Amino acid sequence: MSLLRLDQVACWRGGRLLFEGFDLTLEPGQGVLVTGPNGTGKSSLLRLAAGLLTPLSGRVTSAAVALADERSALDAELTLARALGFWASSAAAVEAALDRLDLPALADVPVRMLSTGQLRRAAMARVLLAHAPLWLLDEPANGLDAEAVERLGGIIADHLQAGGAILAASHQPLPGTAWRKLALAA
Amino acid sequence: MIGRLIFRDLRRALGGSALLPVIFFLLVAALVPFAVGPDGKLLARVGPGLLWVAALTAALLPLERLVEPDRAAGMLDQLALKGLSMEEVAVAKILAHWLSFGPPLLIAAIPASVLLGLSGEALSRTLLTLAIGTPGLAALAVAVASLTSGLRQASALGSLLLLPLAIPLLIFAASAAGDPKAGALQLEAAVSLFLLVGAPFVSAAALRAART
C-alpha cells in the first residue's frame with residue numbers, strides 16, 4: 001500500500017503555476033530526492049504532500065506525516081528537552097531521540113541558543129518522535145557538519161528499512177539510501 | 001494535544017509577560033485621578049467606564065505574542081499535522097489567554113477601584129462586567145492576532161483592529177457597571193458570547209490563509 005500518492009497535481013503559489021499534471025507514488029522503503037533550482041516548488045511539493053497546501057487540481061493521499069523544514073517548531077524559550085517533550089509521548093522517548101541525534105549534551109540548553117545545525121538535528125529528533133511512516137524533509141542536511149550528515153544517513157536508512165518512506169528536497173546529495181531522483185524544472 | 005497546547009501557552013504567558021497588561025491596567029487607573037482631579041464623586045461616576053477603557057488598552061499589550069511566535073516557528077503547521085484543526089488551536093489559545101489575562105485583571109480591579117474611589121457596590125458590578133466581558137475580549141484578541149500574524153507592523157494593525165471591534169463590549173460593559181437596571185449586562189453577555197463563538201472560526205480561517 002502506498003504511503004504517498006499524488007495524482008495529476010497542480011500547484012499554484014505566489015501568483016504563478018509551479019507545476020501541473022504531477023504524479024508521484026511512494027511505497028514503503030522508498031526514498032525520493034527532489035532537486036531543482038530555487039523557486040521551482042520543492043518546498044511547495046512537500047507541503048502539498050503534508051496536506052498543508054491545497055492543490056489547484058488533482059488529488060493527494062498520504063499516510064501519517066512528519067515534516068522537517070527550515071523551522072524547528074520548537075518553543076525557543078524552553079530547554080531542548082522540554083521543547084521536544086511537547087511533541088513526545090514520554091520523557092524516555094525524548095531521551096532516545098536526543099541520543100539518536102547526538103544531542104544529550106544540549107538537552108538543558110534553551111532552544112534559542114542553538115546553532116542552525118543543532119536546530120536541524122533537533123527538528124530531526126522531533127520527526128523521530130512523531131512515529132509517522134512518511135517523512136517529508138526539506139533541506140535536512142543544511143548546516144550539518146560531516147559527522148551529523150553521516151548520522152542523518154543512518155537515521156534515514158533505518159527508517160526506510162523499517163518500512164517507512166521519505167520525500168526529501170535538497171540541493172546537496174543526501175546519504176542513507178539509493179535515492180530515486182526527481183528534478184523539478186524552472 | 002489540545003490540553004498540552006493550553007498548558008504550554010498558559011505556562012509561557014505566566015512565565016513571561018503576563019503581568020505587563022495587569023501593571024498597565026493599574027497604571028492607567030492610578031493616572032486617572034491625576035488627570036481628572038481629586039473630585040471623589042466624579043471619579044466614582046466615571047470609574048467603572050475608565051476601568052473598562054484601561055482593560056481594553058491593557059488587552060493590546062499581549063497581541064503580538066499570542067499567535068505570531070507559533071506561526072513563525074512552524075508550530076501551527078506541526079499541530080495541523082498532528083490532526084488538530086485550526087479552530088481547536090484557536091479555542092486553546094483563547095482559553096489560555098483568558099486564564100493568563102482575565103483572573104489577574106479581576107484581582108487588579110480591586111486596588112484600581114480603591115484608587116478611583118468606587119463604592120463596594122460599584123466594584124461588585126464592575127467585577128461582574130469584567131468577568132463576563134474578558135472572555136469575549138480574549139477571543140477578540142486571538143482573532144485579531146491571527147488576522148495580523150505575519151504582516152508587517154502587525155502590532156499597530158492589531159491595535160487599530162481590536163479597539164473598534166471592542167466598542168460594543170465597552171458600551172454595554174461600562175453601562176452595566178454604572179447602571180444595573182438598564183439591561184446592559186445581558187447585552188454585554190450576548191456580545192461576549194458572540195465573540196467567543198465567532199472568534200475561533202475567524203481565527204482558523206486567518207491561520208489557514210496565512211499558510212498559503
# chains A, B, ... in the order shown; residues from 1 in each chain; ligands from 1

call {"tool": "residues_around", "arguments": {"residues": "Ala122 of chain A", "least_positions_apart": "3", "cutoff": "12 Å", "atoms": "only C-alpha atoms", "output": "number ranges by chain"}}
result
A: 68-76, 79-85, 87, 94-95, 97-104, 106-107, 109-112, 114-119, 125-129, 140, 144, 148, 152

call {"tool": "interface_residues", "arguments": {"of": "chain B", "to": "chain A", "cutoff": "8 Å", "atoms": "only C-alpha atoms", "output": "list in words"}}
result
Arg4, Asp70, Ala72, Ala73, Gly74, Met75, Asp77, Gln78, Ala80, Leu81, Arg211 and Thr212 of chain B

call {"tool": "write_last_selection", "arguments": {"atoms": "N, CA and C atoms", "output": "short mmCIF file (atom, residue, chain, number, x, y, z; two decimals), in the first residue's frame"}}
result
data_model
loop_
_atom_site.label_atom_id
_atom_site.label_comp_id
_atom_site.auth_asym_id
_atom_site.auth_seq_id
_atom_site.Cartn_x
_atom_site.Cartn_y
_atom_site.Cartn_z
N ARG B 4 -2.32 19.93 26.08
CA ARG B 4 -0.90 20.30 26.13
C ARG B 4 -0.68 21.72 25.62
N ASP B 70 4.27 31.27 17.29
CA ASP B 70 3.98 29.89 16.88
C ASP B 70 3.93 29.76 15.36
N ALA B 72 5.57 31.68 13.19
CA ALA B 72 6.93 31.85 12.68
C ALA B 72 7.80 30.61 12.94
N ALA B 73 7.54 29.92 14.05
CA ALA B 73 8.36 28.75 14.39
C ALA B 73 7.86 27.48 13.71
N GLY B 74 6.75 27.56 12.99
CA GLY B 74 6.22 26.37 12.31
C GLY B 74 5.39 25.48 13.22
N MET B 75 5.08 25.97 14.42
CA MET B 75 4.30 25.16 15.37
C MET B 75 2.89 24.87 14.85
N ASP B 77 1.82 24.56 11.78
CA ASP B 77 1.85 23.50 10.77
C ASP B 77 1.96 22.13 11.43
N GLN B 78 2.84 22.04 12.41
CA GLN B 78 3.04 20.75 13.08
C GLN B 78 1.80 20.33 13.86
N ALA B 80 -1.22 21.06 12.96
CA ALA B 80 -2.14 20.59 11.92
C ALA B 80 -1.79 19.16 11.52
N LEU B 81 -0.50 18.87 11.41
CA LEU B 81 -0.08 17.51 11.05
C LEU B 81 -0.43 16.50 12.14
N ARG B 211 -1.19 30.18 5.82
CA ARG B 211 -0.41 29.00 5.47
C ARG B 211 -0.06 28.99 3.98
N THR B 212 -0.95 29.53 3.16
CA THR B 212 -0.72 29.50 1.71
C THR B 212 0.09 30.73 1.30
#

call {"tool": "select_by_dssp", "arguments": {"residues": "segment 25-182 of chain B", "states": "alpha helix (DSSP H)", "output": "PyMOL selection string"}}
result
chain B and resi 25-36+40-60+63-66+68-72+75-81+86-115+120-148+154-165+167-178

call {"tool": "write_last_selection", "arguments": {"atoms": "C-alpha atoms", "output": "CSV table (one decimal), in the first residue's frame"}}
result
chain,number,residue,atom,x,y,z
B,25,PHE,CA,-4.1,48.4,33.8
B,26,LEU,CA,-3.2,49.5,37.3
B,27,LEU,CA,-1.0,52.4,36.0
B,28,VAL,CA,-3.9,53.7,33.9
B,29,ALA,CA,-6.2,53.6,36.9
B,30,ALA,CA,-3.6,55.3,39.0
B,31,LEU,CA,-3.1,58.1,36.4
B,32,VAL,CA,-6.8,59.0,36.1
B,33,PRO,CA,-7.1,60.8,39.5
B,34,PHE,CA,-4.1,63.0,38.4
B,35,ALA,CA,-5.8,63.8,35.1
B,36,VAL,CA,-9.4,64.3,36.4
B,40,GLY,CA,-14.4,61.8,44.6
B,41,LYS,CA,-17.9,62.0,43.2
B,42,LEU,CA,-16.7,62.5,39.6
B,43,LEU,CA,-14.2,59.7,39.9
B,44,ALA,CA,-16.8,57.3,41.3
B,45,ARG,CA,-19.1,58.2,38.5
B,46,VAL,CA,-16.6,57.7,35.6
B,47,GLY,CA,-14.6,55.0,37.4
B,48,PRO,CA,-16.3,51.8,36.0
B,49,GLY,CA,-16.0,53.1,32.5
B,50,LEU,CA,-12.4,54.1,33.0
B,51,LEU,CA,-11.6,50.7,34.3
B,52,TRP,CA,-13.0,49.2,31.2
B,53,VAL,CA,-11.0,51.6,29.0
B,54,ALA,CA,-7.9,50.5,31.0
B,55,ALA,CA,-8.8,46.9,30.4
B,56,LEU,CA,-9.2,47.4,26.7
B,57,THR,CA,-5.9,49.1,26.3
B,58,ALA,CA,-4.2,46.5,28.5
B,59,ALA,CA,-5.6,43.8,26.2
B,60,LEU,CA,-3.5,45.3,23.4
B,63,LEU,CA,-1.4,40.8,21.0
B,64,GLU,CA,2.0,40.2,19.3
B,65,ARG,CA,2.9,37.1,21.3
B,66,LEU,CA,-0.5,35.3,21.0
B,68,GLU,CA,2.9,35.1,15.7
B,69,PRO,CA,5.7,33.2,17.6
B,70,ASP,CA,4.0,29.9,16.9
B,71,ARG,CA,3.3,30.7,13.2
B,72,ALA,CA,6.9,31.8,12.7
B,75,MET,CA,4.3,25.2,15.4
B,76,LEU,CA,0.9,25.7,13.7
B,77,ASP,CA,1.9,23.5,10.8
B,78,GLN,CA,3.0,20.8,13.1
B,79,LEU,CA,-0.2,21.0,15.1
B,80,ALA,CA,-2.1,20.6,11.9
B,81,LEU,CA,-0.1,17.5,11.1
B,86,MET,CA,-7.1,25.5,13.4
B,87,GLU,CA,-10.4,26.0,15.2
B,88,GLU,CA,-9.2,23.8,18.0
B,89,VAL,CA,-5.9,25.7,18.1
B,90,ALA,CA,-7.8,29.0,18.3
B,91,VAL,CA,-10.0,27.7,21.2
B,92,ALA,CA,-6.9,26.5,23.1
B,93,LYS,CA,-5.3,29.9,22.6
B,94,ILE,CA,-8.4,31.8,23.7
B,95,LEU,CA,-8.7,29.7,26.8
B,96,ALA,CA,-5.0,30.0,27.7
B,97,HIS,CA,-5.0,33.7,27.0
B,98,TRP,CA,-8.1,34.3,29.2
B,99,LEU,CA,-6.7,32.3,32.0
B,100,SER,CA,-3.5,34.4,32.0
B,101,PHE,CA,-5.3,37.7,31.5
B,102,GLY,CA,-8.8,37.6,32.9
B,103,PRO,CA,-8.4,36.5,36.5
B,104,PRO,CA,-5.3,38.7,37.2
B,105,LEU,CA,-7.2,41.6,35.8
B,106,LEU,CA,-10.2,40.9,38.1
B,107,ILE,CA,-7.8,40.9,41.0
B,108,ALA,CA,-6.1,44.1,39.9
B,109,ALA,CA,-9.5,45.8,39.6
B,110,ILE,CA,-9.8,45.7,43.4
B,111,PRO,CA,-6.9,48.1,44.1
B,112,ALA,CA,-7.8,50.0,41.0
B,113,SER,CA,-11.3,50.6,42.3
B,114,VAL,CA,-9.8,52.0,45.5
B,115,LEU,CA,-7.7,54.4,43.5
B,120,GLY,CA,-18.3,48.3,47.2
B,121,GLU,CA,-21.5,48.0,45.1
B,122,ALA,CA,-19.9,49.7,42.1
B,123,LEU,CA,-16.8,47.4,42.5
B,124,SER,CA,-19.0,44.3,42.5
B,125,ARG,CA,-20.8,45.4,39.4
B,126,THR,CA,-17.5,46.3,37.6
B,127,LEU,CA,-16.0,42.9,38.6
B,128,LEU,CA,-19.1,41.2,37.2
B,129,THR,CA,-18.9,43.0,33.9
B,130,LEU,CA,-15.1,42.2,33.7
B,131,ALA,CA,-15.8,38.5,34.4
B,132,ILE,CA,-18.4,38.4,31.7
B,133,GLY,CA,-16.6,40.6,29.2
B,134,THR,CA,-13.0,39.5,29.4
B,135,PRO,CA,-13.6,36.1,27.8
B,136,GLY,CA,-15.0,37.9,24.8
B,137,LEU,CA,-12.1,40.3,24.8
B,138,ALA,CA,-9.6,37.4,24.9
B,139,ALA,CA,-11.4,35.8,22.0
B,140,LEU,CA,-11.3,39.0,20.0
B,141,ALA,CA,-7.6,39.4,20.8
B,142,VAL,CA,-6.8,35.9,19.5
B,143,ALA,CA,-8.8,36.5,16.3
B,144,VAL,CA,-7.1,39.9,15.7
B,145,ALA,CA,-3.7,38.4,16.4
B,146,SER,CA,-4.4,35.6,13.9
B,147,LEU,CA,-5.6,38.1,11.3
B,148,THR,CA,-2.5,40.2,11.6
B,154,ALA,CA,1.2,43.6,12.9
B,155,SER,CA,1.2,45.2,16.4
B,156,ALA,CA,-0.1,48.6,15.2
B,157,LEU,CA,-2.5,47.0,12.8
B,158,GLY,CA,-3.8,44.7,15.6
B,159,SER,CA,-4.5,47.7,17.9
B,160,LEU,CA,-6.3,49.5,15.1
B,161,LEU,CA,-8.5,46.4,14.5
B,162,LEU,CA,-9.1,45.4,18.1
B,163,LEU,CA,-10.2,48.7,19.6
B,164,PRO,CA,-13.1,49.5,17.2
B,165,LEU,CA,-14.3,45.9,17.3
B,167,ILE,CA,-16.6,49.1,21.2
B,168,PRO,CA,-19.9,47.2,21.6
B,169,LEU,CA,-18.4,45.3,24.5
B,170,LEU,CA,-17.1,48.6,26.0
B,171,ILE,CA,-20.5,50.3,25.7
B,172,PHE,CA,-22.6,47.6,27.3
B,173,ALA,CA,-20.0,46.7,30.0
B,174,ALA,CA,-19.5,50.3,31.1
B,175,SER,CA,-23.2,50.8,31.0
B,176,ALA,CA,-23.9,47.7,33.1
B,177,ALA,CA,-21.2,48.7,35.6
B,178,GLY,CA,-22.7,52.1,36.0

call {"tool": "atom_distance", "arguments": {"atom1": "atom CA of Ala18 of chain B", "atom2": "atom CA of Leu61 of chain B"}}
result
9.5 Å

call {"tool": "select_by_dssp", "arguments": {"residues": "segment 17-70 of chain A", "states": "strand (DSSP E or B)", "output": "VMD selection string"}}
result
chain A and resid 17 to 26 31 to 35 57 to 62 65 to 68

call {"tool": "closest_residue", "arguments": {"among": "A:Ala88, A:Leu24, A:Ala146, A:Leu18", "to": "Asn38 of chain A", "atoms": "only C-alpha atoms"}}
result
A:Leu18

call {"tool": "closest_residue", "arguments": {"among": "B:Val22, B:Gly183, B:Leu116, B:Val67", "to": "Ser203 of chain B", "atoms": "only C-alpha atoms"}}
result
B:Val67

call {"tool": "decode", "arguments": {"residues": "segment 54-108 of chain A", "atoms": "C-alpha atoms", "output": "PDB file, in the first residue's frame"}}
result
ATOM      1  CA  THR A  54      -4.399  22.530  -1.180  1.00  0.00           C
ATOM      2  CA  PRO A  55      -3.594  21.587  -4.774  1.00  0.00           C
ATOM      3  CA  LEU A  56      -5.063  23.707  -7.528  1.00  0.00           C
ATOM      4  CA  SER A  57      -6.215  20.454  -9.091  1.00  0.00           C
ATOM      5  CA  GLY A  58      -5.525  16.778  -8.658  1.00  0.00           C
ATOM      6  CA  ARG A  59      -5.542  14.558  -5.613  1.00  0.00           C
ATOM      7  CA  VAL A  60      -3.149  13.925  -2.733  1.00  0.00           C
ATOM      8  CA  THR A  61      -3.451  10.947  -0.402  1.00  0.00           C
ATOM      9  CA  SER A  62      -0.911  10.157   2.270  1.00  0.00           C
ATOM     10  CA  ALA A  63      -0.253   8.182   5.426  1.00  0.00           C
ATOM     11  CA  ALA A  64       0.586   9.959   8.692  1.00  0.00           C
ATOM     12  CA  VAL A  65       3.285  12.514   8.009  1.00  0.00           C
ATOM     13  CA  ALA A  66       6.247  14.032   9.859  1.00  0.00           C
ATOM     14  CA  LEU A  67       7.641  17.212   8.348  1.00  0.00           C
ATOM     15  CA  ALA A  68      11.003  18.869   8.972  1.00  0.00           C
ATOM     16  CA  ASP A  69      11.533  22.172   7.208  1.00  0.00           C
ATOM     17  CA  GLU A  70      13.615  25.253   7.927  1.00  0.00           C
ATOM     18  CA  ARG A  71      11.548  25.955  11.046  1.00  0.00           C
ATOM     19  CA  SER A  72      12.200  23.797  14.092  1.00  0.00           C
ATOM     20  CA  ALA A  73       8.665  24.060  15.561  1.00  0.00           C
ATOM     21  CA  LEU A  74      10.249  24.101  18.999  1.00  0.00           C
ATOM     22  CA  ASP A  75       9.492  26.660  21.694  1.00  0.00           C
ATOM     23  CA  ALA A  76      12.512  28.958  21.657  1.00  0.00           C
ATOM     24  CA  GLU A  77      12.226  29.834  25.348  1.00  0.00           C
ATOM     25  CA  LEU A  78      12.263  26.248  26.633  1.00  0.00           C
ATOM     26  CA  THR A  79      15.203  23.906  27.006  1.00  0.00           C
ATOM     27  CA  LEU A  80      15.627  21.487  24.114  1.00  0.00           C
ATOM     28  CA  ALA A  81      14.407  18.508  26.150  1.00  0.00           C
ATOM     29  CA  ARG A  82      11.279  20.344  27.342  1.00  0.00           C
ATOM     30  CA  ALA A  83      10.556  21.747  23.889  1.00  0.00           C
ATOM     31  CA  LEU A  84      10.784  18.261  22.380  1.00  0.00           C
ATOM     32  CA  GLY A  85       8.660  16.974  25.267  1.00  0.00           C
ATOM     33  CA  PHE A  86       5.716  18.919  23.864  1.00  0.00           C
ATOM     34  CA  TRP A  87       5.728  16.574  20.837  1.00  0.00           C
ATOM     35  CA  ALA A  88       6.634  13.389  22.689  1.00  0.00           C
ATOM     36  CA  SER A  89       4.623  10.675  24.382  1.00  0.00           C
ATOM     37  CA  SER A  90       7.139  10.296  27.208  1.00  0.00           C
ATOM     38  CA  ALA A  91      10.393  11.612  28.646  1.00  0.00           C
ATOM     39  CA  ALA A  92      12.064   8.330  27.692  1.00  0.00           C
ATOM     40  CA  ALA A  93      11.124   8.907  24.049  1.00  0.00           C
ATOM     41  CA  VAL A  94      12.718  12.358  24.178  1.00  0.00           C
ATOM     42  CA  GLU A  95      15.868  10.886  25.681  1.00  0.00           C
ATOM     43  CA  ALA A  96      16.048   8.234  22.962  1.00  0.00           C
ATOM     44  CA  ALA A  97      15.560  10.809  20.205  1.00  0.00           C
ATOM     45  CA  LEU A  98      18.241  13.073  21.695  1.00  0.00           C
ATOM     46  CA  ASP A  99      20.611  10.099  21.846  1.00  0.00           C
ATOM     47  CA  ARG A 100      19.919   9.201  18.226  1.00  0.00           C
ATOM     48  CA  LEU A 101      20.827  12.736  17.084  1.00  0.00           C
ATOM     49  CA  ASP A 102      23.804  13.051  19.437  1.00  0.00           C
ATOM     50  CA  LEU A 103      22.104  15.869  21.322  1.00  0.00           C
ATOM     51  CA  PRO A 104      22.099  14.763  25.009  1.00  0.00           C
ATOM     52  CA  ALA A 105      24.677  17.415  25.896  1.00  0.00           C
ATOM     53  CA  LEU A 106      22.257  20.109  24.673  1.00  0.00           C
ATOM     54  CA  ALA A 107      19.185  18.754  26.466  1.00  0.00           C
ATOM     55  CA  ASP A 108      19.195  21.562  29.037  1.00  0.00           C
TER      56      ASP A 108
END
